[in-house]
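Raw contents of model33.txt, compact mmCIF, C-alpha atoms:
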```txt
# COMPACT_ATOMS: atom_id res chain seq x y z
CA MET A 1165 71.97 166.42 65.56
CA THR A 1166 74.21 163.46 64.85
CA THR A 1167 77.11 163.55 67.28
CA GLN A 1168 80.77 163.66 66.37
CA LYS A 1169 83.05 161.64 68.64
CA PRO A 1170 86.14 159.41 68.65
CA LEU A 1171 85.65 156.37 66.45
CA GLY A 1172 86.43 152.74 67.09
CA ALA A 1173 87.52 150.57 64.18
CA THR A 1174 84.07 149.11 63.66
CA ARG A 1175 82.38 152.54 63.69
CA VAL A 1176 84.18 153.52 60.48
CA LEU A 1177 82.27 150.89 58.50
CA ALA A 1178 78.91 152.48 59.17
CA ILE A 1179 80.17 155.99 58.40
CA SER A 1180 81.76 154.81 55.18
CA ALA A 1181 78.46 153.32 54.03
CA LEU A 1182 76.55 156.50 54.81
CA ALA A 1183 79.16 158.69 53.13
CA LEU A 1184 78.97 156.53 50.00
CA ALA A 1185 75.19 156.83 50.03
CA ALA A 1186 75.45 160.60 50.05
CA ALA A 1187 78.03 160.57 47.28
CA THR A 1188 75.80 158.50 45.02
CA GLY A 1189 72.78 160.74 45.36
CA GLY A 1190 71.09 158.54 47.96
CA ALA A 1191 70.93 155.44 45.80
CA LEU A 1192 72.79 153.34 48.32
CA ALA A 1193 70.67 154.76 51.16
CA GLN A 1194 67.72 152.90 49.66
CA ASP A 1195 69.75 149.72 50.00
CA THR A 1196 70.62 150.25 53.67
CA PHE A 1197 68.63 149.45 56.78
CA ARG A 1198 68.84 152.54 58.98
CA ILE A 1199 68.84 151.98 62.75
CA GLY A 1200 68.69 154.80 65.26
CA GLY A 1201 71.33 154.34 67.95
CA ILE A 1202 70.58 156.60 70.91
CA THR A 1203 72.45 156.90 74.20
CA SER A 1204 74.57 159.38 76.16
CA TYR A 1205 77.67 160.58 74.34
CA THR A 1206 77.96 163.72 76.46
CA GLY A 1207 76.89 164.65 79.98
CA ALA A 1208 77.02 162.50 83.10
CA GLY A 1209 76.56 159.24 81.19
CA SER A 1210 79.07 159.99 78.45
CA SER A 1211 81.21 156.95 79.25
CA LEU A 1212 78.46 154.77 77.74
CA GLY A 1213 78.29 156.30 74.30
CA THR A 1214 81.37 155.16 72.43
CA SER A 1215 81.46 151.66 73.92
CA PHE A 1216 77.79 151.06 73.15
CA GLU A 1217 78.07 152.24 69.58
CA ILE A 1218 81.13 150.06 68.99
CA GLY A 1219 79.31 147.05 70.45
CA TRP A 1220 76.24 147.74 68.30
CA GLN A 1221 78.38 148.05 65.19
CA MET A 1222 80.27 144.84 65.91
CA ALA A 1223 76.98 142.92 65.96
CA LEU A 1224 75.77 144.64 62.81
CA ASP A 1225 79.07 143.88 61.09
CA ALA A 1226 78.38 140.21 61.81
CA ALA A 1227 74.79 140.51 60.57
CA ASN A 1228 75.90 142.36 57.45
CA ALA A 1229 78.39 139.62 56.66
CA GLU A 1230 75.44 137.19 56.66
CA GLY A 1231 73.29 139.31 54.32
CA GLY A 1232 72.24 142.20 56.54
CA ILE A 1233 68.72 142.96 57.73
CA LEU A 1234 65.92 142.19 55.28
CA GLY A 1235 68.58 141.84 52.60
CA ARG A 1236 70.03 145.31 53.22
CA GLN A 1237 73.23 146.40 54.91
CA ALA A 1238 72.50 147.79 58.38
CA VAL A 1239 73.88 151.20 59.37
CA ILE A 1240 73.61 153.21 62.59
CA VAL A 1241 72.34 156.79 62.73
CA SER A 1242 73.66 158.15 66.03
CA ALA A 1243 71.82 160.37 68.48
CA ASP A 1244 73.04 161.88 71.75
CA THR A 1245 70.68 162.19 74.71
CA GLN A 1246 73.26 164.45 76.40
CA SER A 1247 72.28 162.49 79.55
CA ASP A 1248 69.03 164.49 79.55
CA PRO A 1249 65.67 162.68 79.10
CA THR A 1250 64.06 165.77 77.56
CA HIS A 1251 66.79 166.09 74.96
CA GLY A 1252 66.57 162.36 74.37
CA VAL A 1253 62.90 162.71 73.41
CA SER A 1254 63.84 165.45 70.91
CA GLU A 1255 66.47 163.18 69.41
CA ILE A 1256 64.04 160.28 69.12
CA ARG A 1257 61.67 162.57 67.20
CA ARG A 1258 64.53 163.52 64.89
CA LEU A 1259 65.46 159.90 64.27
CA ILE A 1260 61.87 158.92 63.51
CA ASP A 1261 60.66 161.95 61.56
CA GLY A 1262 63.87 163.30 60.06
CA GLU A 1263 66.19 160.34 59.65
CA LYS A 1264 63.40 157.86 58.85
CA VAL A 1265 65.02 155.05 60.83
CA GLU A 1266 63.34 151.64 60.79
CA ALA A 1267 64.25 150.48 64.32
CA ILE A 1268 65.81 151.86 67.50
CA LEU A 1269 68.70 150.74 69.68
CA GLY A 1270 68.77 152.48 73.08
CA SER A 1271 68.77 154.06 75.38
CA VAL A 1272 70.74 152.49 78.20
CA VAL A 1273 69.43 154.49 81.16
CA SER A 1274 65.82 153.89 82.21
CA GLN A 1275 64.94 157.52 82.84
CA GLU A 1276 65.91 158.27 79.24
CA THR A 1277 64.22 155.22 77.72
CA ILE A 1278 60.84 155.53 79.48
CA PRO A 1279 59.77 158.81 77.79
CA MET A 1280 61.00 157.55 74.40
CA VAL A 1281 58.86 154.42 74.34
CA PRO A 1282 55.48 156.11 73.63
CA LEU A 1283 57.05 157.75 70.55
CA THR A 1284 58.56 154.56 69.16
CA THR A 1285 55.29 152.76 69.87
CA GLU A 1286 53.30 155.39 67.99
CA ALA A 1287 55.71 155.05 65.07
CA GLY A 1288 55.38 151.24 65.12
CA LEU A 1289 59.12 150.69 65.56
CA LEU A 1290 60.92 147.88 67.33
CA GLN A 1291 63.03 149.32 70.16
CA ILE A 1292 65.72 147.33 71.98
CA SER A 1293 67.15 149.03 75.06
CA ALA A 1294 69.36 148.00 77.97
CA SER A 1295 67.10 149.63 80.55
CA ALA A 1296 65.93 147.74 83.62
CA SER A 1297 62.98 149.74 84.95
CA THR A 1298 59.93 147.69 85.87
CA THR A 1299 57.86 150.45 84.22
CA LEU A 1300 58.84 148.96 80.88
CA THR A 1301 56.07 146.37 80.72
CA PRO A 1302 54.60 144.95 77.49
CA GLU A 1303 51.55 147.12 78.12
CA TYR A 1304 53.64 150.28 78.37
CA GLY A 1305 55.89 149.39 75.44
CA PRO A 1306 54.40 146.68 73.21
CA TYR A 1307 57.32 146.94 70.75
CA HIS A 1308 60.01 147.64 73.34
CA PHE A 1309 62.29 144.90 74.65
CA SER A 1310 65.27 145.04 76.99
CA THR A 1311 68.45 143.00 77.12
CA SER A 1312 68.95 143.99 80.76
CA PRO A 1313 68.33 141.12 83.16
CA THR A 1314 66.02 142.01 86.01
CA GLY A 1315 67.50 142.27 89.46
CA LEU A 1316 65.72 139.11 90.56
CA ASN A 1317 67.01 137.11 87.60
CA GLN A 1318 70.54 138.30 88.36
CA MET A 1319 70.26 136.92 91.89
CA LYS A 1320 68.22 133.70 91.61
CA ALA A 1321 71.29 131.60 90.80
CA ASN A 1322 73.03 133.06 93.84
CA VAL A 1323 70.19 132.17 96.19
CA ASP A 1324 70.03 128.66 94.79
CA PHE A 1325 73.79 128.20 95.05
CA ALA A 1326 73.85 129.51 98.64
CA VAL A 1327 71.12 127.09 99.69
CA ASP A 1328 71.83 124.02 97.58
CA ASN A 1329 75.64 124.04 97.44
CA LEU A 1330 76.92 126.13 100.34
CA GLY A 1331 74.20 124.97 102.73
CA LEU A 1332 73.58 128.49 104.08
CA THR A 1333 70.36 129.19 105.97
CA LYS A 1334 71.03 132.63 107.50
CA LEU A 1335 71.55 135.11 104.68
CA ALA A 1336 71.74 138.90 104.80
CA LEU A 1337 70.62 141.02 101.85
CA ILE A 1338 72.12 144.41 100.98
CA SER A 1339 71.51 146.75 98.03
CA ASP A 1340 72.20 150.25 96.81
CA ASN A 1341 69.39 152.80 96.85
CA GLY A 1342 68.86 152.88 93.08
CA GLY A 1343 65.50 152.10 91.51
CA MET A 1344 66.53 148.79 89.95
CA SER A 1345 68.02 147.44 93.16
CA LYS A 1346 65.26 148.66 95.47
CA ALA A 1347 62.59 147.09 93.25
CA ALA A 1348 64.59 143.87 93.03
CA VAL A 1349 64.95 143.56 96.82
CA VAL A 1350 61.21 142.97 97.22
CA GLU A 1351 61.26 140.20 94.60
CA ILE A 1352 64.48 138.68 95.96
CA ILE A 1353 62.99 138.45 99.44
CA ASP A 1354 59.93 136.69 98.01
CA TYR A 1355 62.18 134.20 96.22
CA MET A 1356 64.30 133.65 99.33
CA GLU A 1357 61.16 132.90 101.30
CA GLU A 1358 60.14 130.37 98.64
CA ARG A 1359 63.53 128.69 99.20
CA GLY A 1360 63.02 128.79 102.99
CA VAL A 1361 65.77 131.32 103.74
CA ALA A 1362 64.09 134.64 104.54
CA PRO A 1363 66.85 137.24 105.10
CA VAL A 1364 67.99 137.66 108.68
CA ILE A 1365 68.56 141.37 107.95
CA VAL A 1366 68.14 143.74 104.99
CA GLN A 1367 70.50 146.70 104.53
CA GLU A 1368 70.84 149.57 102.04
CA PHE A 1369 73.57 152.02 101.09
CA PRO A 1370 73.66 155.15 98.88
CA PHE A 1371 75.34 155.27 95.47
CA ARG A 1372 79.09 155.93 95.70
CA THR A 1373 79.10 155.50 99.45
CA GLU A 1374 82.34 156.22 101.29
CA ASP A 1375 81.83 153.63 104.01
CA MET A 1376 79.82 150.42 104.37
CA THR A 1377 81.22 149.27 107.68
CA PRO A 1378 78.02 150.19 109.58
CA GLN A 1379 75.98 147.92 107.32
CA LEU A 1380 78.60 145.18 107.50
CA PHE A 1381 78.69 145.31 111.30
CA SER A 1382 74.88 145.15 111.39
CA MET A 1383 74.85 142.06 109.20
CA ARG A 1384 77.59 140.41 111.21
CA ASN A 1385 75.74 141.19 114.45
CA ALA A 1386 72.64 139.53 112.94
CA ASP A 1387 74.71 136.32 112.72
CA ALA A 1388 74.46 136.18 108.92
CA GLU A 1389 76.33 133.22 107.43
CA GLY A 1390 76.57 134.88 104.04
CA VAL A 1391 75.65 138.08 102.20
CA LEU A 1392 73.67 138.65 99.02
CA ILE A 1393 74.55 142.01 97.43
CA ILE A 1394 72.82 143.65 94.48
CA ASN A 1395 74.10 146.97 93.18
CA SER A 1396 74.81 148.91 90.01
CA LEU A 1397 78.24 150.57 90.40
CA GLY A 1398 81.60 148.86 90.33
CA ASP A 1399 82.88 151.45 92.82
CA ASP A 1400 80.29 150.28 95.36
CA SER A 1401 81.25 146.64 94.84
CA ARG A 1402 84.84 147.62 95.55
CA LYS A 1403 83.94 149.58 98.69
CA PHE A 1404 81.90 146.64 100.01
CA LEU A 1405 84.78 144.22 99.52
CA GLU A 1406 87.30 146.70 100.92
CA ASN A 1407 85.30 147.29 104.11
CA ARG A 1408 84.60 143.55 104.47
CA LEU A 1409 88.34 142.96 104.33
CA ASP A 1410 88.93 145.79 106.83
CA ILE A 1411 86.76 144.14 109.49
CA GLY A 1412 87.94 140.63 108.65
CA TRP A 1413 84.46 139.21 108.06
CA MET A 1414 85.16 136.76 105.26
CA VAL A 1415 81.81 134.96 105.05
CA PRO A 1416 80.59 134.01 101.57
CA VAL A 1417 79.46 136.95 99.43
CA LEU A 1418 77.16 136.42 96.45
CA GLY A 1419 76.88 139.40 94.12
CA ASN A 1420 74.97 140.27 90.98
CA MET A 1421 76.53 140.88 87.56
CA THR A 1422 78.05 144.18 88.70
CA MET A 1423 80.36 142.20 90.98
CA THR A 1424 81.40 140.04 88.01
CA ASN A 1425 81.85 142.79 85.46
CA TYR A 1426 84.14 144.90 87.64
CA ALA A 1427 85.93 142.08 89.44
CA GLN A 1428 89.21 142.23 87.54
CA GLY A 1429 89.65 145.95 88.05
CA ASN A 1430 88.62 145.77 91.69
CA ALA A 1431 91.02 142.88 92.34
CA ALA A 1432 93.83 144.95 90.83
CA LEU A 1433 93.06 147.74 93.30
CA LEU A 1434 92.27 145.68 96.41
CA GLY A 1435 94.31 142.54 95.91
CA VAL A 1436 92.99 139.05 95.27
CA GLU A 1437 92.50 138.44 98.99
CA ALA A 1438 89.43 140.67 98.85
CA PHE A 1439 87.78 138.03 96.63
CA GLU A 1440 88.05 135.20 99.12
CA ASN A 1441 84.66 133.42 99.27
CA VAL A 1442 83.20 135.73 96.61
CA TYR A 1443 80.69 134.39 94.10
CA SER A 1444 78.52 136.25 91.59
CA THR A 1445 76.48 135.70 88.44
CA GLN A 1446 77.25 135.87 84.74
CA TYR A 1447 75.61 134.97 81.45
CA VAL A 1448 76.02 131.26 80.80
CA GLY A 1449 77.59 131.99 77.42
CA MET A 1450 80.42 133.81 79.21
CA THR A 1451 81.24 130.94 81.57
CA TYR A 1452 83.12 127.66 81.35
CA CYS A 1453 83.68 124.42 83.18
CA PRO A 1454 87.13 122.80 83.51
CA GLY A 1455 88.09 120.88 80.40
CA GLU A 1456 86.06 122.98 77.96
CA GLU A 1457 88.06 124.11 74.95
CA LEU A 1458 89.48 127.63 74.75
CA TRP A 1459 87.97 130.07 72.23
CA SER A 1460 85.12 127.68 71.46
CA THR A 1461 82.11 129.88 72.34
CA PRO A 1462 80.39 132.67 70.38
CA PHE A 1463 81.36 135.12 73.12
CA ALA A 1464 85.01 134.08 72.87
CA ALA A 1465 84.93 134.60 69.11
CA MET A 1466 83.53 138.10 69.62
CA ALA A 1467 86.12 138.79 72.31
CA LYS A 1468 88.94 137.87 69.94
CA ILE A 1469 87.64 140.28 67.30
CA ALA A 1470 87.25 142.99 69.93
CA GLN A 1471 90.79 142.49 71.20
CA GLU A 1472 92.17 142.73 67.67
CA THR A 1473 90.16 145.72 66.43
CA ILE A 1474 89.11 148.03 69.27
CA PRO A 1475 91.63 150.55 70.60
CA ASP A 1476 91.46 151.09 74.36
CA LEU A 1477 89.28 148.01 74.83
CA GLU A 1478 90.47 147.46 78.39
CA ARG A 1479 89.75 151.08 79.28
CA MET A 1480 86.16 150.46 78.19
CA GLY A 1481 85.88 147.42 80.46
CA GLY A 1482 87.19 144.69 78.19
CA ALA A 1483 85.29 142.39 75.85
CA SER A 1484 82.62 141.68 78.47
CA ALA A 1485 81.63 145.35 78.34
CA MET A 1486 80.71 144.86 74.68
CA VAL A 1487 78.12 142.20 75.51
CA PRO A 1488 75.18 144.48 76.49
CA PRO A 1489 75.31 146.56 73.28
CA TYR A 1490 76.26 143.59 71.11
CA THR A 1491 73.29 141.51 72.22
CA MET A 1492 70.95 144.48 71.68
CA ALA A 1493 71.89 144.73 68.01
CA GLU A 1494 72.22 140.95 67.62
CA VAL A 1495 68.65 140.37 68.82
CA LEU A 1496 67.29 143.26 66.75
CA ALA A 1497 68.76 141.83 63.55
CA LYS A 1498 67.61 138.26 64.27
CA ALA A 1499 64.10 139.36 65.23
CA ILE A 1500 63.48 141.54 62.19
CA ASN A 1501 64.90 138.91 59.85
CA GLY A 1502 62.87 136.24 61.62
CA ALA A 1503 59.66 138.22 61.27
CA GLY A 1504 60.48 139.15 57.67
CA THR A 1505 59.47 142.76 58.32
CA ALA A 1506 60.45 145.76 60.43
CA ASP A 1507 56.85 146.38 61.53
CA GLY A 1508 56.98 146.65 65.32
CA ALA A 1509 53.82 144.66 65.98
CA ALA A 1510 54.88 141.79 63.72
CA VAL A 1511 58.40 141.68 65.15
CA ALA A 1512 57.08 141.71 68.72
CA GLU A 1513 54.75 138.84 67.89
CA TRP A 1514 57.64 136.87 66.39
CA ILE A 1515 59.82 137.46 69.47
CA GLU A 1516 57.07 136.40 71.85
CA SER A 1517 56.52 133.21 69.85
CA GLN A 1518 60.13 132.01 70.13
CA ASP A 1519 61.19 129.56 72.81
CA THR A 1520 64.70 131.00 72.70
CA ILE A 1521 66.82 133.38 70.64
CA ASP A 1522 70.48 132.41 70.61
CA THR A 1523 72.98 135.17 71.45
CA ILE A 1524 76.65 135.37 72.30
CA ALA A 1525 75.61 135.57 75.97
CA GLY A 1526 73.41 132.47 75.82
CA PRO A 1527 69.72 131.83 75.14
CA PHE A 1528 67.39 134.83 75.44
CA ALA A 1529 63.61 134.67 75.61
CA ALA A 1530 60.70 137.06 76.08
CA SER A 1531 56.95 136.61 76.27
CA SER A 1532 53.69 138.51 76.29
CA GLU A 1533 54.13 138.84 80.08
CA THR A 1534 57.69 140.20 80.09
CA HIS A 1535 59.82 141.93 77.49
CA PHE A 1536 63.06 141.51 79.46
CA PHE A 1537 65.08 138.98 77.50
CA PRO A 1538 67.56 137.34 79.87
CA THR A 1539 65.75 134.79 82.00
CA ALA A 1540 67.06 133.25 85.19
CA ASP A 1541 68.16 130.26 83.08
CA THR A 1542 70.47 132.57 81.09
CA LEU A 1543 72.61 133.26 84.16
CA ARG A 1544 74.83 131.06 86.30
CA ALA A 1545 76.63 131.43 89.61
CA VAL A 1546 80.38 131.81 89.10
CA ILE A 1547 83.38 131.40 91.37
CA ASN A 1548 86.42 133.72 91.55
CA PRO A 1549 84.89 136.32 89.22
CA HIS A 1550 88.22 138.20 89.14
CA GLU A 1551 89.87 135.27 87.37
CA ARG A 1552 89.28 134.96 83.61
CA ARG A 1553 90.56 132.46 81.12
CA GLU A 1554 92.53 133.70 78.13
CA ASP A 1555 89.29 133.80 76.14
CA GLY A 1556 87.57 136.00 78.74
CA LEU A 1557 85.34 133.34 80.31
CA VAL A 1558 84.84 132.94 84.07
CA MET A 1559 84.41 129.54 85.76
CA ARG A 1560 80.95 128.35 86.78
CA ALA A 1561 80.50 127.56 90.44
CA THR A 1562 78.79 124.27 89.63
CA CYS A 1563 79.54 122.01 86.68
CA ASP A 1564 78.02 118.74 85.52
CA MET A 1565 81.16 116.75 84.99
```
What's the structure tokens form of this structure?
Amino acid sequence: MTTQKPLGATRVLAISALALAAATGGALAQDTFRIGGITSYTGAGSSLGTSFEIGWQMALDAANAEGGILGRQAVIVSADTQSDPTHGVSEIRRLIDGEKVEAILGSVVSQETIPMVPLTTEAGLLQISASASTTLTPEYGPYHFSTSPTGLNQMKANVDFAVDNLGLTKLALISDNGGMSKAAVVEIIDYMEERGVAPVIVQEFPFRTEDMTPQLFSMRNADAEGVLIINSLGDDSRKFLENRLDIGWMVPVLGNMTMTNYAQGNAALLGVEAFENVYSTQYVGMTYCPGEELWSTPFAAMAKIAQETIPDLERMGGASAMVPPYTMAEVLAKAINGAGTADGAAVAEWIESQDTIDTIAGPFAASSETHFFPTADTLRAVINPHERREDGLVMRATCDM
């Protein structure tokens, strides 16, 4: 069933359109483009639901202001996975067979998305998720695409920056024990070897670990000059930085986007000294170089709207937390309009034929070999990720001045 939950300001627009459709005997429904929006609103992943739906709706508000999708106003039909892949499959069936949606946004979690993809493929629907599992190949999901950057693409800029700018040759690599990170470690090591800096030691820690000092001591004892860290939880980024500060080992740290996205909150808890010599990666569209004008980027424009219209924005993670859902809906609208049809095969072909698709995060691209949009070129190494300009941007570590 469609879930009932607290509404952000942008959510009301979609509900108003659907209510009006019902009041007019369904006449307006024929003039709307119905998109299934599926993620966790309840259960262990419930923190994702409201923020993702608000982000989706913000992007669709922008698309609707420009004429909608295929000339129709886009609306979201919500579905709750209840953080249960089996229930998620039932909800996908309802969206396809009962709600007659024409495209799918979601899910966010790979274990929910993977069993959905065969159903959306059979129905010929474009599906845009934020899932990062390597299972989600073009062969497995020919009409499925993801706005989640792969672990390798999140870390390439860090490896390059460590070698080319910091001059480091003895790097340690540490990750959590989640599927995305573990799979990425293999690819990161291959890339490090290409750059001539095979890791001097590789370490792993469990989700929500209480102590990383054993791993930190092991890396220090291996004479590592710097540490590459890839993980999924902001709490684990904080614990790593806290334990690093505890033992006073302030070598350069280069983290993935998790380090960036949770940096402000972690700095508030740990103090800014924990971010000494800390670098990470971020979408190029969310970065700046000194001298660039405030509020001049598409992301900054979105951030301003978010700050003005979304209650409890900071509790949700700030404007940057809106980027994953926003880009999902942004790409969906551009791809279907570009293809001139909602047919999954035709839209997939259009996406694969594009050199780039512009988004608020920067240029996205996919191909017949990979359906993960953000490429390594979409991300940049950033410095002091806990420091943001007024418009929400973080400073790039290297700038062509």
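Distances to Pro1527 of chain A were evaluated for A:Gln1246, A:Asn1420, A:Thr1311, A:Gln1291 using only C-alpha atoms, and the minimum falls at A:Thr1311.
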What gap, in Å, lies between atom CA of Val1366 of chain A and atom CA of Met1383 of chain A? 8.1 Å
May I ask for the distance between atom CA of Arg1544 of chain A and atom CA of Thr1445 of chain A, given in Å to one decimal place?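 Straight-line distance from atom CA of Arg1544 of chain A to atom CA of Thr1445 of chain A works out to 5.4 Å.
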Spatial neighbours of Glu1554 of chain A, max dist 10 Å, all atoms listed in the file, sep filter under 6 positions, as a list in words: Leu1458, Trp1459, Ala1464 and Lys1468 of chain A
Extract, using all atoms listed in the file, all DNA, RNA and protein residues at most 9 Å from segment 1547-1549 of chain A, discarding same-chain residues fewer than 3 positions from it, and format them as JSON, numbers by chain. {"A": [1423, 1424, 1425, 1426, 1427, 1428, 1439, 1440, 1441, 1442, 1443, 1444, 1445, 1446, 1552, 1558, 1559, 1560, 1561, 1562]}
Restricted to C-alpha atoms, what would the selected residues look like written as a tab-separated table (two decimals), in the frame of the given file?
```tsv
chain	number	residue	atom	x	y	z
A	1423	MET	CA	80.36	142.20	90.98
A	1424	THR	CA	81.40	140.04	88.01
A	1425	ASN	CA	81.85	142.79	85.46
A	1426	TYR	CA	84.14	144.90	87.64
A	1427	ALA	CA	85.93	142.08	89.44
A	1428	GLN	CA	89.21	142.23	87.54
A	1439	PHE	CA	87.78	138.03	96.63
A	1440	GLU	CA	88.05	135.20	99.12
A	1441	ASN	CA	84.66	133.42	99.27
A	1442	VAL	CA	83.20	135.73	96.61
A	1443	TYR	CA	80.69	134.39	94.10
A	1444	SER	CA	78.52	136.25	91.59
A	1445	THR	CA	76.48	135.70	88.44
A	1446	GLN	CA	77.25	135.87	84.74
A	1552	ARG	CA	89.28	134.96	83.61
A	1558	VAL	CA	84.84	132.94	84.07
A	1559	MET	CA	84.41	129.54	85.76
A	1560	ARG	CA	80.95	128.35	86.78
A	1561	ALA	CA	80.50	127.56	90.44
A	1562	THR	CA	78.79	124.27	89.63
```
Using Å and a single decimal, report how far atom CA of Ala1503 of chain A sits from atom CA of Ile1521 of chain A.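 Spanning atom CA of Ile1521 of chain A to atom CA of Ala1503 of chain A is a straight-line distance of 12.7 Å.
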A:Thr1523, A:Gln1237, A:Ser1274, A:Ser1396: which is nearest Gly1449 of chain A, counting only C-alpha atoms? A:Thr1523
Non-local contacts of Gly1305 of chain A (12 Å; only C-alpha atoms; under 6 positions in same chain excluded) as a PyMOL selection string: chain A and resi 1277-1293+1297-1299+1508-1509+1512+1532-1536
Do a neighbour search on Thr1206 of chain A at 10 Å with all atoms listed in the file, toss out local chain neighbours closer than 2 positions, and write the hits as a PyMOL selection string. chain A and resi 1167+1169+1203-1204+1208-1213+1244-1248
Tell me which protein, DNA and RNA residues are within 9 Å of Gln1518 of chain A, counting all atoms listed in the file, leaving out same-chain ones fewer than 4 positions away, and put them as an MDAnalysis selection string. chainID A and resid 1513:1514 1529:1531
Pick from A:Tyr1452, A:Phe1537, A:Phe1197, A:Trp1413: nearest to Glu1389 of chain A, with all atoms listed in the file counted?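 Result for the nearest residue to Glu1389 of chain A: A:Trp1413.
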Which segment 1411-1503 of chain A residues have any atom within 12 Å of an atom of segment 1336-1356 of chain A, and for each, what is the nearest pair of atoms with distance in Å to one decimal, counting only C-alpha atoms, rows sorted by chain and number, as a Markdown table?
```
| residue | atom | partner | partner_atom | distance |
| --- | --- | --- | --- | --- |
| A:Val1415 | CA | A:Ala1336 | CA | 10.8 |
| A:Pro1416 | CA | A:Ala1336 | CA | 10.6 |
| A:Val1417 | CA | A:Ala1336 | CA | 9.6 |
| A:Leu1418 | CA | A:Leu1337 | CA | 9.6 |
| A:Gly1419 | CA | A:Ile1338 | CA | 9.7 |
| A:Asn1420 | CA | A:Ser1339 | CA | 10.2 |
| A:Thr1422 | CA | A:Ser1345 | CA | 11.5 |
```
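Comparing the minimum interatomic distances between Ala1227 of chain A and each of A:Ile1365, A:Ile1500, A:Val1327, A:Met1486, counting only C-alpha atoms, we find that A:Ile1500 sits nearest.
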Output requested as a tab-separated table (two decimals), in the coordinates of the input - segment 1437-1453 of chain A, filled out with N, CA and C atoms.
```tsv
chain	number	residue	atom	x	y	z
A	1437	GLU	N	93.03	138.90	97.71
A	1437	GLU	CA	92.50	138.44	98.99
A	1437	GLU	C	91.11	138.99	99.26
A	1438	ALA	N	90.77	140.10	98.66
A	1438	ALA	CA	89.43	140.67	98.85
A	1438	ALA	C	88.36	139.78	98.23
A	1439	PHE	N	88.75	138.88	97.32
A	1439	PHE	CA	87.78	138.03	96.63
A	1439	PHE	C	87.69	136.63	97.24
A	1440	GLU	N	88.22	136.46	98.43
A	1440	GLU	CA	88.05	135.20	99.12
A	1440	GLU	C	86.57	134.95	99.41
A	1441	ASN	N	86.07	133.79	99.05
A	1441	ASN	CA	84.66	133.42	99.27
A	1441	ASN	C	83.68	134.34	98.54
A	1442	VAL	N	84.08	134.86	97.39
A	1442	VAL	CA	83.20	135.73	96.61
A	1442	VAL	C	82.68	134.97	95.40
A	1443	TYR	N	81.37	134.98	95.24
A	1443	TYR	CA	80.69	134.39	94.10
A	1443	TYR	C	79.84	135.50	93.46
A	1444	SER	N	79.42	135.28	92.23
A	1444	SER	CA	78.52	136.25	91.59
A	1444	SER	C	77.84	135.55	90.43
A	1445	THR	N	77.18	136.30	89.57
A	1445	THR	CA	76.48	135.70	88.44
A	1445	THR	C	76.99	136.26	87.12
A	1446	GLN	N	76.85	135.47	86.08
A	1446	GLN	CA	77.25	135.87	84.74
A	1446	GLN	C	76.41	135.11	83.72
A	1447	TYR	N	76.29	135.68	82.53
A	1447	TYR	CA	75.61	134.97	81.45
A	1447	TYR	C	76.29	133.62	81.21
A	1448	VAL	N	75.48	132.60	80.98
A	1448	VAL	CA	76.02	131.26	80.80
A	1448	VAL	C	76.98	131.20	79.63
A	1449	GLY	N	76.72	131.99	78.58
A	1449	GLY	CA	77.59	131.99	77.42
A	1449	GLY	C	78.95	132.60	77.67
A	1450	MET	N	79.14	133.21	78.85
A	1450	MET	CA	80.42	133.81	79.21
A	1450	MET	C	81.09	133.04	80.34
A	1451	THR	N	80.67	131.78	80.51
A	1451	THR	CA	81.24	130.94	81.57
A	1451	THR	C	81.79	129.65	80.99
A	1452	TYR	N	82.57	128.94	81.80
A	1452	TYR	CA	83.12	127.66	81.35
A	1452	TYR	C	83.21	126.71	82.53
A	1453	CYS	N	83.35	125.45	82.21
A	1453	CYS	CA	83.68	124.42	83.18
A	1453	CYS	C	85.05	123.85	82.83
```
